[in-house]
Structures are given as structure tokens and as C-alpha cells.
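Novice: As input, take coords.txt (compact mmCIF, C-alpha atoms and all ligand atoms):
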```
# COMPACT_ATOMS: atom_id res chain seq x y z
CA MET A 1 142.42 131.56 169.17
CA GLN A 2 142.42 134.82 171.09
CA ILE A 3 144.04 138.23 171.08
CA ILE A 4 145.77 138.37 174.44
CA GLU A 5 147.91 141.40 173.64
CA TRP A 6 147.22 143.79 170.73
CA GLY A 7 149.44 143.01 167.74
CA GLN A 8 150.94 139.88 169.28
CA PRO A 9 150.29 136.32 168.03
CA LEU A 10 146.87 134.91 168.91
CA GLN A 11 146.91 132.28 171.62
CA LEU A 12 144.94 129.08 171.92
CA ARG A 13 142.92 129.29 175.14
CA GLU A 14 140.44 126.79 176.51
CA TYR A 15 137.24 127.73 178.29
CA GLU A 16 134.18 125.86 179.42
CA THR A 17 131.64 125.54 176.61
CA PRO A 18 129.05 128.33 177.06
CA ARG A 19 125.48 127.39 178.01
CA PRO A 20 122.88 129.37 176.09
CA SER A 21 120.00 130.91 178.01
CA GLY A 22 116.79 132.66 176.95
CA ASP A 23 116.88 133.41 173.21
CA GLN A 24 120.57 132.51 172.90
CA ILE A 25 121.74 129.77 170.56
CA LEU A 26 125.05 127.92 170.76
CA LEU A 27 126.64 126.79 167.52
CA SER A 28 129.71 124.70 166.85
CA VAL A 29 131.74 126.67 164.31
CA GLU A 30 132.15 124.84 161.00
CA ALA A 31 134.13 127.55 159.21
CA CYS A 32 135.10 131.19 159.70
CA GLY A 33 136.52 133.54 157.09
CA VAL A 34 139.54 135.73 157.79
CA CYS A 35 138.83 139.35 156.82
CA HIS A 36 141.40 142.13 156.52
CA SER A 37 139.38 143.97 159.18
CA ASP A 38 140.56 141.26 161.59
CA LEU A 39 144.07 142.57 160.99
CA HIS A 40 143.08 146.14 161.84
CA ILE A 41 141.36 144.97 165.04
CA HIS A 42 144.28 142.68 165.88
CA GLN A 43 146.71 145.62 165.78
CA GLY A 44 144.36 147.40 168.21
CA PHE A 45 143.53 150.51 166.21
CA PHE A 46 142.36 152.00 162.93
CA ASP A 47 144.66 154.53 161.22
CA LEU A 48 142.93 157.93 160.97
CA GLY A 49 145.92 159.59 159.26
CA GLY A 50 148.11 162.45 160.42
CA GLY A 51 149.42 160.33 163.30
CA LYS A 52 145.91 159.89 164.74
CA THR A 53 144.40 156.51 165.53
CA PHE A 54 141.04 155.14 166.58
CA PRO A 55 141.76 152.56 169.31
CA VAL A 56 139.60 149.46 169.27
CA SER A 57 139.53 149.62 173.08
CA SER A 58 137.48 152.84 172.84
CA ARG A 59 134.61 150.60 171.66
CA GLY A 60 134.94 148.63 174.88
CA VAL A 61 136.81 145.75 173.24
CA VAL A 62 139.62 144.50 175.47
CA PRO A 63 141.72 141.33 175.36
CA PRO A 64 141.29 138.44 175.79
CA PHE A 65 139.19 138.73 172.65
CA THR A 66 138.18 136.26 169.94
CA LEU A 67 138.13 137.57 166.37
CA GLY A 68 135.99 136.14 163.58
CA HIS A 69 132.95 137.84 162.06
CA GLU A 70 132.44 135.41 159.14
CA PRO A 71 131.30 132.20 160.85
CA VAL A 72 128.98 129.42 159.77
CA GLY A 73 128.05 126.78 162.31
CA LYS A 74 125.77 123.99 163.44
CA VAL A 75 123.31 124.56 166.29
CA ILE A 76 124.21 122.29 169.20
CA SER A 77 122.14 123.75 172.04
CA VAL A 78 119.50 126.41 172.62
CA GLY A 79 118.34 128.51 175.55
CA SER A 80 114.65 127.76 175.29
CA LYS A 81 112.55 124.70 174.43
CA ASP A 82 110.73 126.35 171.52
CA GLN A 83 114.03 126.54 169.61
CA GLU A 84 114.94 122.88 169.96
CA HIS A 85 113.91 122.20 166.35
CA LEU A 86 117.04 124.16 165.29
CA ILE A 87 119.43 121.66 166.86
CA GLY A 88 121.57 119.87 164.28
CA LYS A 89 120.94 122.46 161.54
CA SER A 90 123.72 124.54 159.95
CA PHE A 91 123.42 128.28 159.49
CA LEU A 92 125.29 131.31 158.25
CA ILE A 93 125.56 133.70 161.20
CA TYR A 94 124.75 137.36 160.48
CA PRO A 95 127.29 138.88 162.86
CA TRP A 96 126.22 142.57 162.80
CA ILE A 97 124.00 142.28 165.85
CA ASN A 98 122.05 145.50 166.45
CA CYS A 99 119.81 146.95 169.17
CA GLU A 100 116.76 147.77 166.98
CA VAL A 101 115.84 150.86 169.05
CA CYS A 102 118.47 153.49 168.24
CA GLN A 103 118.00 156.08 165.50
CA SER A 104 120.26 154.22 163.03
CA CYS A 105 118.34 150.96 163.50
CA LYS A 106 115.01 152.73 163.08
CA VAL A 107 116.01 154.30 159.74
CA GLY A 108 117.32 151.06 158.24
CA MET A 109 121.02 151.52 158.99
CA SER A 110 121.24 148.75 161.57
CA GLN A 111 124.86 148.07 160.63
CA VAL A 112 125.85 151.38 162.26
CA CYS A 113 123.74 150.73 165.38
CA ASP A 114 124.61 152.83 168.46
CA ALA A 115 124.76 149.78 170.75
CA PRO A 116 126.05 146.94 168.57
CA LYS A 117 127.02 143.49 169.85
CA ILE A 118 128.83 142.44 166.68
CA ILE A 119 130.15 138.90 166.75
CA GLY A 120 133.91 138.95 166.24
CA THR A 121 134.39 142.72 166.47
CA ARG A 122 132.57 143.61 169.73
CA VAL A 123 131.84 140.25 171.36
CA ASP A 124 133.74 136.98 170.99
CA GLY A 125 133.61 135.58 167.47
CA GLY A 126 134.28 132.62 165.22
CA TYR A 127 138.03 131.97 165.65
CA SER A 128 136.77 129.33 168.02
CA ASP A 129 135.08 125.95 168.12
CA HIS A 130 131.89 127.50 169.54
CA VAL A 131 130.03 130.75 169.14
CA VAL A 132 126.94 132.16 170.89
CA VAL A 133 124.30 134.00 168.85
CA PRO A 134 121.78 136.11 170.82
CA HIS A 135 118.69 135.26 168.75
CA LYS A 136 117.63 132.91 165.95
CA LYS A 137 116.73 135.85 163.70
CA PHE A 138 120.47 136.30 163.03
CA LEU A 139 120.75 132.78 161.56
CA ILE A 140 120.37 132.35 157.80
CA ASP A 141 119.74 129.00 156.10
CA TYR A 142 122.43 128.49 153.45
CA THR A 143 121.36 125.05 152.21
CA GLY A 144 122.93 124.34 148.83
CA ILE A 145 125.90 126.69 149.27
CA ASP A 146 129.38 125.39 150.07
CA PRO A 147 130.03 126.26 153.76
CA TYR A 148 133.45 127.72 152.94
CA LEU A 149 131.87 130.16 150.50
CA ALA A 150 128.80 130.71 152.69
CA CYS A 151 130.85 132.04 155.60
CA THR A 152 132.40 134.74 153.40
CA LEU A 153 128.95 136.06 152.48
CA SER A 154 128.31 137.51 155.95
CA CYS A 155 131.03 140.16 155.58
CA SER A 156 132.96 140.03 152.33
CA GLY A 157 130.00 139.25 150.07
CA LEU A 158 127.53 141.37 152.02
CA THR A 159 129.82 144.42 152.09
CA VAL A 160 130.29 144.25 148.34
CA TYR A 161 126.58 143.67 147.68
CA SER A 162 125.53 146.58 149.89
CA ALA A 163 128.14 148.89 148.33
CA LEU A 164 126.95 147.99 144.82
CA LYS A 165 123.31 148.53 145.81
CA LYS A 166 124.17 152.15 146.62
CA LEU A 167 124.84 152.74 142.92
CA ASN A 168 122.24 153.27 140.23
CA LEU A 169 123.30 150.09 138.44
CA GLU A 170 120.11 149.46 136.48
CA SER A 171 120.75 152.57 134.38
CA LEU A 172 124.22 151.43 133.27
CA THR A 173 125.01 149.79 129.94
CA GLU A 174 127.97 147.95 128.42
CA ALA A 175 129.42 151.33 127.47
CA ASP A 176 129.72 152.30 131.14
CA ARG A 177 132.64 151.44 133.40
CA LEU A 178 132.94 150.56 137.09
CA VAL A 179 136.34 150.65 138.76
CA ILE A 180 137.13 148.17 141.52
CA ILE A 181 140.22 149.06 143.57
CA GLY A 182 141.80 146.14 145.44
CA ALA A 183 141.48 142.54 144.20
CA GLY A 184 141.58 140.91 147.63
CA GLY A 185 138.78 139.05 149.43
CA LEU A 186 136.28 141.85 148.86
CA GLY A 187 137.42 143.09 145.46
CA LEU A 188 137.43 139.62 143.88
CA ALA A 189 133.96 138.89 145.29
CA ALA A 190 132.85 142.21 143.80
CA ILE A 191 133.68 141.04 140.28
CA ASN A 192 131.08 138.26 140.15
CA ILE A 193 128.49 140.14 142.23
CA ALA A 194 128.81 143.26 140.06
CA LYS A 195 128.61 141.20 136.86
CA PHE A 196 125.36 139.75 138.20
CA MET A 197 123.94 143.19 138.95
CA THR A 198 125.04 145.36 136.03
CA LYS A 199 125.96 145.36 132.36
CA ALA A 200 128.75 147.91 132.95
CA LYS A 201 132.28 146.67 132.23
CA LEU A 202 134.65 146.27 135.16
CA ILE A 203 138.15 147.74 135.46
CA VAL A 204 139.97 146.11 138.40
CA LEU A 205 143.12 147.47 140.07
CA ASP A 206 145.62 145.96 142.46
CA LEU A 207 149.31 146.35 143.23
CA ASP A 208 149.83 142.62 142.76
CA ASP A 209 149.87 141.18 139.23
CA ALA A 210 148.99 137.69 140.51
CA LYS A 211 145.73 139.02 141.94
CA LEU A 212 144.98 140.84 138.69
CA GLU A 213 145.42 137.54 136.86
CA ILE A 214 142.81 135.94 139.15
CA ALA A 215 140.57 138.96 138.56
CA ARG A 216 140.74 138.39 134.80
CA ASP A 217 140.17 134.65 135.22
CA ILE A 218 136.95 135.18 137.17
CA GLY A 219 135.47 137.89 134.97
CA ALA A 220 137.18 141.30 135.13
CA ASP A 221 136.95 142.98 131.73
CA PHE A 222 140.10 145.06 132.17
CA THR A 223 142.85 145.17 134.79
CA VAL A 224 145.34 147.89 135.67
CA SER A 225 148.31 147.67 137.99
CA SER A 226 148.20 150.41 140.64
CA SER A 227 151.96 150.26 140.84
CA ILE A 228 152.52 151.89 137.43
CA ASP A 229 153.02 155.65 137.04
CA GLU A 230 149.73 157.48 136.50
CA PRO A 231 147.36 154.46 136.59
CA GLN A 232 144.49 156.89 135.94
CA ASN A 233 145.74 157.30 132.34
CA LYS A 234 145.60 153.54 131.82
CA ILE A 235 142.08 153.42 133.27
CA MET A 236 140.99 156.15 130.84
CA GLU A 237 142.21 154.02 127.91
CA PHE A 238 139.40 151.60 128.75
CA VAL A 239 136.73 154.29 129.03
CA SER A 240 134.70 154.52 125.83
CA ASP A 241 133.32 158.04 126.00
CA ASP A 242 136.35 160.00 127.31
CA ASN A 243 134.36 161.37 130.22
CA GLY A 244 135.34 158.93 132.92
CA VAL A 245 133.88 156.05 134.86
CA ALA A 246 130.38 155.85 136.35
CA ALA A 247 131.58 154.72 139.76
CA CYS A 248 134.55 153.55 141.71
CA LEU A 249 134.41 150.99 144.53
CA ASP A 250 137.41 151.41 146.80
CA PHE A 251 138.12 148.18 148.66
CA VAL A 252 141.48 149.46 149.95
CA GLY A 253 140.57 152.84 151.42
CA MET A 254 143.77 154.87 151.50
CA ASN A 255 144.65 158.39 150.46
CA GLN A 256 146.14 157.14 147.17
CA THR A 257 143.16 154.97 146.25
CA MET A 258 140.61 157.69 146.99
CA ALA A 259 142.66 160.19 144.95
CA LEU A 260 142.81 157.72 142.08
CA GLY A 261 139.10 156.92 142.24
CA LEU A 262 138.04 160.56 142.29
CA SER A 263 140.40 161.40 139.42
CA VAL A 264 138.67 159.03 136.98
CA LEU A 265 135.01 159.70 137.81
CA ARG A 266 132.83 161.21 135.13
CA LYS A 267 130.37 164.01 135.90
CA GLY A 268 127.78 162.75 138.38
CA GLY A 269 130.02 159.78 139.23
CA THR A 270 130.17 158.10 142.63
CA HIS A 271 133.13 157.01 144.72
CA VAL A 272 132.14 154.34 147.26
CA HIS A 273 134.59 154.22 150.12
CA VAL A 274 134.71 150.77 151.75
CA GLY A 275 138.30 149.80 152.62
CA LEU A 276 139.66 150.57 156.05
CA HIS A 277 143.39 150.58 155.36
CA GLY A 278 143.22 154.11 156.63
CA GLY A 279 144.84 157.51 156.49
CA ALA A 280 143.51 160.93 155.64
CA HIS A 281 142.77 162.59 152.33
CA GLU A 282 143.04 166.21 151.24
CA LEU A 283 140.32 167.10 148.78
CA SER A 284 140.08 169.91 146.24
CA LEU A 285 136.54 171.14 146.79
CA PRO A 286 135.38 172.98 143.62
CA PRO A 287 135.47 169.84 141.39
CA LEU A 288 132.99 168.15 143.74
CA SER A 289 130.49 170.82 142.81
CA PHE A 290 131.51 171.42 139.17
CA LYS A 291 131.29 167.69 138.39
CA MET A 292 128.47 166.89 140.85
CA LEU A 293 130.49 164.03 142.31
CA LYS A 294 129.27 161.84 145.14
CA ILE A 295 131.43 160.28 147.85
CA ILE A 296 129.64 157.58 149.82
CA GLY A 297 130.85 155.61 152.82
CA SER A 298 129.58 152.04 152.95
CA TYR A 299 129.78 149.73 155.94
CA VAL A 300 128.92 146.00 155.69
CA GLY A 301 125.15 145.60 155.14
CA THR A 302 121.79 144.91 156.74
CA LEU A 303 120.26 141.57 157.73
CA GLU A 304 117.81 141.90 154.84
CA GLU A 305 120.63 142.50 152.36
CA CYS A 306 122.46 139.46 153.71
CA LYS A 307 119.37 137.30 153.19
CA GLU A 308 118.95 138.71 149.66
CA LEU A 309 122.55 137.86 148.82
CA VAL A 310 122.22 134.31 150.16
CA GLU A 311 119.11 133.85 147.99
CA LEU A 312 120.97 135.18 144.93
CA VAL A 313 123.80 132.70 145.52
CA LYS A 314 121.31 129.86 146.02
CA GLY A 315 119.70 130.94 142.75
CA GLY A 316 122.89 130.78 140.72
CA LEU A 317 125.07 133.84 141.44
CA ASP A 318 128.46 132.17 141.15
CA ILE A 319 131.09 133.85 143.35
CA LYS A 320 134.41 132.45 142.17
CA VAL A 321 136.74 133.91 144.82
CA PRO A 322 139.53 131.40 145.48
CA ILE A 323 139.20 129.98 148.99
CA ARG A 324 141.84 128.10 150.93
CA THR A 325 141.14 126.44 154.27
CA LEU A 326 143.46 126.31 157.26
CA PRO A 327 142.92 124.64 160.62
CA LEU A 328 141.85 127.08 163.35
CA GLU A 329 145.16 126.55 165.17
CA LYS A 330 146.88 128.15 162.13
CA ALA A 331 145.00 131.44 162.59
CA ASN A 332 148.30 133.28 163.11
CA GLN A 333 149.55 132.05 159.76
CA ALA A 334 146.29 133.18 158.15
CA ILE A 335 146.72 136.65 159.62
CA GLU A 336 150.41 136.92 158.70
CA ASP A 337 149.78 135.74 155.13
CA LEU A 338 147.03 138.31 154.69
CA ARG A 339 149.24 141.05 156.15
CA ASN A 340 152.05 140.06 153.77
CA GLY A 341 149.68 140.18 150.79
CA VAL A 342 150.16 136.54 149.84
CA VAL A 343 146.55 135.40 150.21
CA ALA A 344 144.75 135.04 146.88
CA GLY A 345 141.05 135.45 147.74
CA ARG A 346 139.90 134.39 151.20
CA THR A 347 141.33 132.13 153.92
CA VAL A 348 138.75 130.18 155.89
CA LEU A 349 139.59 128.69 159.28
CA THR A 350 138.15 125.32 160.26
CA PRO A 351 138.09 124.20 163.89
P1 LIG B 1 142.56 141.86 151.38
O1 LIG B 1 143.85 141.98 152.11
O2 LIG B 1 142.03 140.50 151.05
O3 LIG B 1 142.61 142.69 150.03
C1 LIG B 1 143.19 143.97 149.91
C2 LIG B 1 143.75 144.07 148.48
O4 LIG B 1 144.11 145.42 148.25
C3 LIG B 1 144.99 143.21 148.26
O5 LIG B 1 144.83 142.42 147.10
C4 LIG B 1 146.10 144.24 148.08
O6 LIG B 1 147.12 143.80 147.18
C5 LIG B 1 145.32 145.41 147.52
N1 LIG B 1 145.95 146.72 147.68
C6 LIG B 1 146.62 147.21 148.76
N2 LIG B 1 147.03 148.48 148.52
C7 LIG B 1 146.56 148.79 147.28
C8 LIG B 1 146.65 149.94 146.47
N3 LIG B 1 147.29 151.06 146.88
N4 LIG B 1 146.08 149.91 145.24
C9 LIG B 1 145.43 148.81 144.81
N5 LIG B 1 145.32 147.68 145.52
C10 LIG B 1 145.90 147.67 146.75
O7 LIG B 1 141.49 142.65 152.25
P2 LIG B 1 139.88 142.51 152.27
O8 LIG B 1 139.49 141.49 153.29
O9 LIG B 1 139.40 142.42 150.88
O10 LIG B 1 139.49 143.93 152.92
C11 LIG B 1 139.83 145.13 152.21
C12 LIG B 1 139.61 146.33 153.11
O11 LIG B 1 138.20 146.49 153.32
C13 LIG B 1 140.23 146.20 154.49
O12 LIG B 1 140.74 147.47 154.89
C14 LIG B 1 139.05 145.82 155.38
O13 LIG B 1 139.25 146.18 156.72
C15 LIG B 1 137.96 146.62 154.73
N6 LIG B 1 136.60 146.16 154.97
C16 LIG B 1 135.65 147.11 155.08
C17 LIG B 1 134.35 146.75 155.27
C18 LIG B 1 133.28 147.79 155.34
O14 LIG B 1 132.14 147.45 155.65
N7 LIG B 1 133.54 149.06 155.08
C19 LIG B 1 133.98 145.39 155.38
C20 LIG B 1 134.99 144.44 155.24
C21 LIG B 1 136.30 144.83 155.02
```
Starting from the coordinates I provided, produce the structure as C-alpha cells.
Ligand code: NAD

Specialist:
Amino acid sequence: MQIIEWGQPLQLREYETPRPSGDQILLSVEACGVCHSDLHIHQGFFDLGGGKTFPVSSRGVVPPFTLGHEPVGKVISVGSKDQEHLIGKSFLIYPWINCEVCQSCKVGMSQVCDAPKIIGTRVDGGYSDHVVVPHKKFLIDYTGIDPYLACTLSCSGLTVYSALKKLNLESLTEADRLVIIGAGGLGLAAINIAKFMTKAKLIVLDLDDAKLEIARDIGADFTVSSSIDEPQNKIMEFVSDDNGVAACLDFVGMNQTMALGLSVLRKGGTHVHVGLHGGAHELSLPPLSFKMLKIIGSYVGTLEECKELVELVKGGLDIKVPIRTLPLEKANQAIEDLRNGVVAGRTVLTP
């Protein structure tokens, strides 16, 4: 199911099945999650605010293009004989393929590699019956995990895990508060992952009451509707020491959500900016210094972090994000539903 024209419905196209060569591995896709980032790419640009955009084509991505950066699949053929033992095995595909030689890769930030070949955002991805992976090192054994959950770990779960790891969670107690903005695919996954990693209580925000209900069902300690006047006052009602929250994880990423997050941080608090809904934000500068605030950008996660997360899930970390499956041919419905805000949790496409 390919983008043929930016913003227009995806089209089902048929091609000859690729033949892997060298280190390449060909997998038949078993499931592929639909991330909100797919919507940004589908429209052809990211919103930089003030009328400015960042066109996806400036990264060299041009239609026809196949979305899908959350695939799991079964190996059906390999480029070299020494990999034949992989045939027939199912794997989670780490899609954030990096070059390993640029400065970012060398300092452990492979997810912001200078020459990435990311599956589903730079090269053809998992909205397909087949996907090619350049090397076996990007395949992760997910034995014991439901494939429909496993696929979401490679972006949704990983992004949340990596964002949480940027916080000093070990030092937090039950008296501390973390704010999660956005109870969509990422924000809901963040509830169970955060609960696993910290004792701090979670305050979850969304515009949609139905999503807040799910958030409470799966473990949020407090929920606040972002659609009320002055939601920051409601958040502060749940803060025990009057100072503010330890950290805010913004899984929406707009002017309003950053303003809200920064307004409830306590001294030394951290705002982790993850969501890519876009826009621009005007910032009063003295409070950054007076309150020693930190603003961190976080982008997906490393291969090592992905493996760590998979091990945690195998070991009992229970991510309760609701998942619905749709046949691959219904990819347009999946995208429209997500755009219209009617997806609770994650949609997973199955070829
Ligand atoms: P989603 O559509 O499943 O969830 C977004 C949620 O935000 C929805 O529940 C929606 O109701 C809620 N929301 C929208 N506006 C809001 C507001 N003003 N206040 C509170 N809640 C609001 O999307 P997702 O797949 O969870 O992705 C979320 C964002 O994160 C997207 O922009 C996506 O592109 C981005 N993303 C970033 C990274 C990264 O590495 N930085 C990785 C994956 C996704």
C-alpha cells in the first residue's frame, strides 16, 4: 500500500518479490503498526510553525513510497548461505537503520544517523507483504510476545522507553509526579512502561475523555482533560508538595502542550519533547535559568534500547495498550481513523 501522491489515499501496487543479496534478508510481513508519524510523512511534510514546513522530499523520499516502520516478519529468503538458519524464524525488525560511521553513530546516537536507511521512513517499509532488511543485526527475537504487540515495540514502545531513560527515574518516589501528555499509541504505552521503571505517580492528559478512561483502566493514577480551561491548575491539584511535577513527557508536541508541560515543572524539572504534531513555541527565557529547567528532545531509540525493551516485555513488563488489527488493504482506513482521533491505542495492519 503505497503513497503515490502526498496526502492522497495509498494505492495497492504489485511488484516482483525482491531477491536479497549479500547481507540482505527478505521477510514476509506478519504485522505492522500504524504510527502517527506515518500521517506526517503521508502528508509530505512536518509543520515547523509560522507557515514553515519541513518537506519529507528534502530527505530524498519520493513517491511511490511504502510506509511502515513497525513491522514484524518471518524470514523467507537470505542473501548468503551462512544466514540460511534464519529462514522460517519470526523477528521484530529494528527499523532505524544507521551507517555506524558518522559522528552521531559513534557517540551512541545512532537514531539520528547522518546517512540513515530507516525502513518505512527513508526506504520502503512494512505496509507491504514483504520487507527487505539490510543485515541480520537489525532483527530481534521476540519469542513469547504476541506479534501484534511486538511490532509496536520497535517505534511506539522504544520511543517511550528511550524518553523515560533520559529521566533520573531511580531517584523518584511515590510523592513525585510525571505528566504524560497525549494518551494515544505512545502515551498509553508510556503508562505501563513508566510504572515498570519508576515509583512516581502518573498524571495523564488528553483531549479525548474516552482515551483518558483507557489510561485509567491500564494504570494512570490521575487523568486531566486538556480541553478544560487552565488544565495546569487541575494538574497541580494532584501534586503533593506544591512545587510542581518532576518531569513531563510530551507525546503530542505542539505549542500548547509544551507551554502546559513547562508551566507545571518544579525546579530542576525536565520536559521531554517527543511528539511531532508540530508548530513553534515562544519561550520566556529567565524562568529556564531561575528554575534550572531542562528541555530535552527525544527521537525513537537505539538498537540496544530496543533489545532491552524486548527483554523487559519477555520478562513480564505488561504493556496493555489496546490493539486492533486491520487487513493491509484497509491501510487508508487506519490512517483516516488515526487522523480523526478515533483510534484507541494502536492499529496493526496484517497482510
Ligand atoms: P496518536 O494519534 O496515537 O496519539 C496522539 C494523542 O494525542 C491522541 O490521543 C490525541 O487525542 C492526543 N492529543 C492531540 N492533541 C492534544 C492536546 N493538545 N493535548 C492533549 N492530547 C492531545 O499518535 P502517536 O502514534 O501516539 O504519536 C504521537 C506523536 O508522537 C506524533 O506526532 C508522532 O509523529 C510522534 N512520534 C514521535 C517519535 C519520536 O521519536 N520523537 C516517535 C514516534 C511518534

Novice: Measuring atom to atom with all atoms listed in the file, identify which of A:Gly297, A:Pro351, A:Gly275, A:Gly316 is nearest to ligand LIG 1 (chain B).

Specialist: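 Nearest to ligand LIG 1 (chain B): A:Gly275.
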
Novice: Kindly work out which residues sit at most 8 Å from ligand LIG 1 (chain B), using only C-alpha atoms and all ligand atoms, and give the list as number ranges by chain.

Specialist: A: 34-40, 155-156, 159, 181-188, 205-208, 211, 225-227, 251-254, 256-257, 273-278, 297-301, 338-339, 341, 343-346

Novice: Go through A:Ile41, A:Leu288, A:Ile3, A:Leu48 one by one, measure the shortest atom-to-atom distance of each to Ser128 of chain A using only C-alpha atoms, and give the residue with the smallest value.

Specialist: A:Ile3

Novice: With 3 Å added on each side, what axis-aligned box encloses every listed atom of segment 209-218 of chain A? Give the centre and edge lengths in Å to one decimal, as lines of an AutoDock Vina configuration file.

Specialist:
```
center_x = 143.4
center_y = 137.9
center_z = 138.4
size_x = 18.9
size_y = 12.5
size_z = 13.1
```

Novice: Identify, on the basis of all atoms listed in the file, every residue whose closest approach to Leu265 of chain A does not exceed 10 Å; exclude the query and any residue fewer than 4 positions from it along the same chain; express the result as a list in words.

Specialist: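 My list of contacting residues is Arg177, Leu178, Val179, Met236, Asn243, Gly244, Val245, Ala246, Ala247, Cys248, Leu260, Gly261, Gly269, Thr270, His271, Lys291, Leu293 and Lys294 of chain A.
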
Novice: One number please: atom CA of Lys74 of chain A to atom CA of Ile87 of chain A, in Å, one decimal.

Specialist: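 A separation of 7.6 Å between them.
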
Novice: For Leu92 of chain A, which of A:Leu326, A:Leu309, A:Val264, A:Val204 is the closest residue, counting only C-alpha atoms?

Specialist: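 Between A:Leu326, A:Leu309, A:Val264, A:Val204, the residue approaching Leu92 of chain A most closely is A:Leu309.
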
Novice: Applying 12 Å and all atoms listed in the file, which residues near Glu282 of chain A remain after dropping the ones on its own chain fewer than 3 positions away? List them as JSON, numbers by chain.

Specialist: {"A": [49, 50, 254, 255, 256, 258, 259, 262, 279, 285]}

Novice: Would you mind telling me which residue in A:Leu149, A:Ile214, A:Ile4, A:Val61 lies nearest to Leu349 of chain A when using all atoms listed in the file?

Specialist: A:Leu149

Novice: Which residue gives the smallest distance to Thr325 of chain A among A:Met1, A:Leu312, A:Val348, A:Ile25, with only C-alpha atoms counted?

Specialist: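 Under the stated criterion, the closest residue is A:Val348.
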
Novice: Go through A:Gln83, A:Ser289, A:Gln11, A:Ser57 and flag the residue nearest Gln24 of chain A, using all atoms listed in the file for the distances.

Specialist: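 Among A:Gln83, A:Ser289, A:Gln11, A:Ser57, it is A:Gln83 that comes nearest to Gln24 of chain A.
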
Novice: Could you work out how far atom CA of Leu158 of chain A lies from atom CA of Ile97 of chain A, giving the answer in Å with one decimal?

Specialist: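 Taking atom CA of Ile97 of chain A and atom CA of Leu158 of chain A, their separation equals 14.3 Å.
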
Novice: Could you check which residues have any atom within 12 Å of (137.4, 154.0, 170.9), counting all atoms listed in the file with coordinates taken straight from the file, and then list them as a VMD selection string?

Specialist: chain A and resid 41 44 to 46 53 to 62 122

Novice: Name the residues in contact with Ala190 of chain A at a cut-off of 8 Å, using all atoms listed in the file, excluding same-chain residues fewer than 3 positions from it; report them as a ChimeraX atom specification.

Specialist: /A:157,160-161,180,186-187,193-194

Novice: Would you save the residues from that selection as a short mmCIF file (atom, residue, chain, number, x, y, z; two decimals), in the frame of the given file, using C-alpha atoms?

Specialist:
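What ended up in selection_14.cif:
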```cif
data_model
loop_
_atom_site.label_atom_id
_atom_site.label_comp_id
_atom_site.auth_asym_id
_atom_site.auth_seq_id
_atom_site.Cartn_x
_atom_site.Cartn_y
_atom_site.Cartn_z
CA GLY A 157 130.00 139.25 150.07
CA VAL A 160 130.29 144.25 148.34
CA TYR A 161 126.58 143.67 147.68
CA ILE A 180 137.13 148.17 141.52
CA LEU A 186 136.28 141.85 148.86
CA GLY A 187 137.42 143.09 145.46
CA ILE A 193 128.49 140.14 142.23
CA ALA A 194 128.81 143.26 140.06
#
```

Novice: For the atom pair atom CA of Phe65 of chain A and atom CA of Ser162 of chain A, what is the interatomic distance in Å to one decimal place?

Specialist: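 Taking atom CA of Phe65 of chain A as the start and atom CA of Ser162 of chain A as the end point, the length is 27.7 Å.
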
Novice: Hey, what's within 12 Å of Val29 of chain A if we count only C-alpha atoms and toss same-chain stuff fewer than 3 positions away? As a PyMOL selection string, please?

Specialist: chain A and resi 26+32-33+68-76+89-93+125-133+147-148+151+327-328+348-351

Novice: For the selection you just gave me, I'd like the residues written to a file as a PDB file, in the frame of the given file, keeping C-alpha atoms.

Specialist:
```pdb
ATOM      1  CA  LEU A  26     125.050 127.920 170.760  1.00  0.00           C
ATOM      2  CA  CYS A  32     135.100 131.190 159.700  1.00  0.00           C
ATOM      3  CA  GLY A  33     136.520 133.540 157.090  1.00  0.00           C
ATOM      4  CA  GLY A  68     135.990 136.140 163.580  1.00  0.00           C
ATOM      5  CA  HIS A  69     132.950 137.840 162.060  1.00  0.00           C
ATOM      6  CA  GLU A  70     132.440 135.410 159.140  1.00  0.00           C
ATOM      7  CA  PRO A  71     131.300 132.200 160.850  1.00  0.00           C
ATOM      8  CA  VAL A  72     128.980 129.420 159.770  1.00  0.00           C
ATOM      9  CA  GLY A  73     128.050 126.780 162.310  1.00  0.00           C
ATOM     10  CA  LYS A  74     125.770 123.990 163.440  1.00  0.00           C
ATOM     11  CA  VAL A  75     123.310 124.560 166.290  1.00  0.00           C
ATOM     12  CA  ILE A  76     124.210 122.290 169.200  1.00  0.00           C
ATOM     13  CA  LYS A  89     120.940 122.460 161.540  1.00  0.00           C
ATOM     14  CA  SER A  90     123.720 124.540 159.950  1.00  0.00           C
ATOM     15  CA  PHE A  91     123.420 128.280 159.490  1.00  0.00           C
ATOM     16  CA  LEU A  92     125.290 131.310 158.250  1.00  0.00           C
ATOM     17  CA  ILE A  93     125.560 133.700 161.200  1.00  0.00           C
ATOM     18  CA  GLY A 125     133.610 135.580 167.470  1.00  0.00           C
ATOM     19  CA  GLY A 126     134.280 132.620 165.220  1.00  0.00           C
ATOM     20  CA  TYR A 127     138.030 131.970 165.650  1.00  0.00           C
ATOM     21  CA  SER A 128     136.770 129.330 168.020  1.00  0.00           C
ATOM     22  CA  ASP A 129     135.080 125.950 168.120  1.00  0.00           C
ATOM     23  CA  HIS A 130     131.890 127.500 169.540  1.00  0.00           C
ATOM     24  CA  VAL A 131     130.030 130.750 169.140  1.00  0.00           C
ATOM     25  CA  VAL A 132     126.940 132.160 170.890  1.00  0.00           C
ATOM     26  CA  VAL A 133     124.300 134.000 168.850  1.00  0.00           C
ATOM     27  CA  PRO A 147     130.030 126.260 153.760  1.00  0.00           C
ATOM     28  CA  TYR A 148     133.450 127.720 152.940  1.00  0.00           C
ATOM     29  CA  CYS A 151     130.850 132.040 155.600  1.00  0.00           C
ATOM     30  CA  PRO A 327     142.920 124.640 160.620  1.00  0.00           C
ATOM     31  CA  LEU A 328     141.850 127.080 163.350  1.00  0.00           C
ATOM     32  CA  VAL A 348     138.750 130.180 155.890  1.00  0.00           C
ATOM     33  CA  LEU A 349     139.590 128.690 159.280  1.00  0.00           C
ATOM     34  CA  THR A 350     138.150 125.320 160.260  1.00  0.00           C
ATOM     35  CA  PRO A 351     138.090 124.200 163.890  1.00  0.00           C
TER      36      PRO A 351
END
```

Novice: Residues around (122.0, 127.7, 151.1), cut-off 10 Å, counting only C-alpha atoms - what are they as a PyMOL selection string?

Specialist: chain A and resi 90-92+140-147+150+310-315
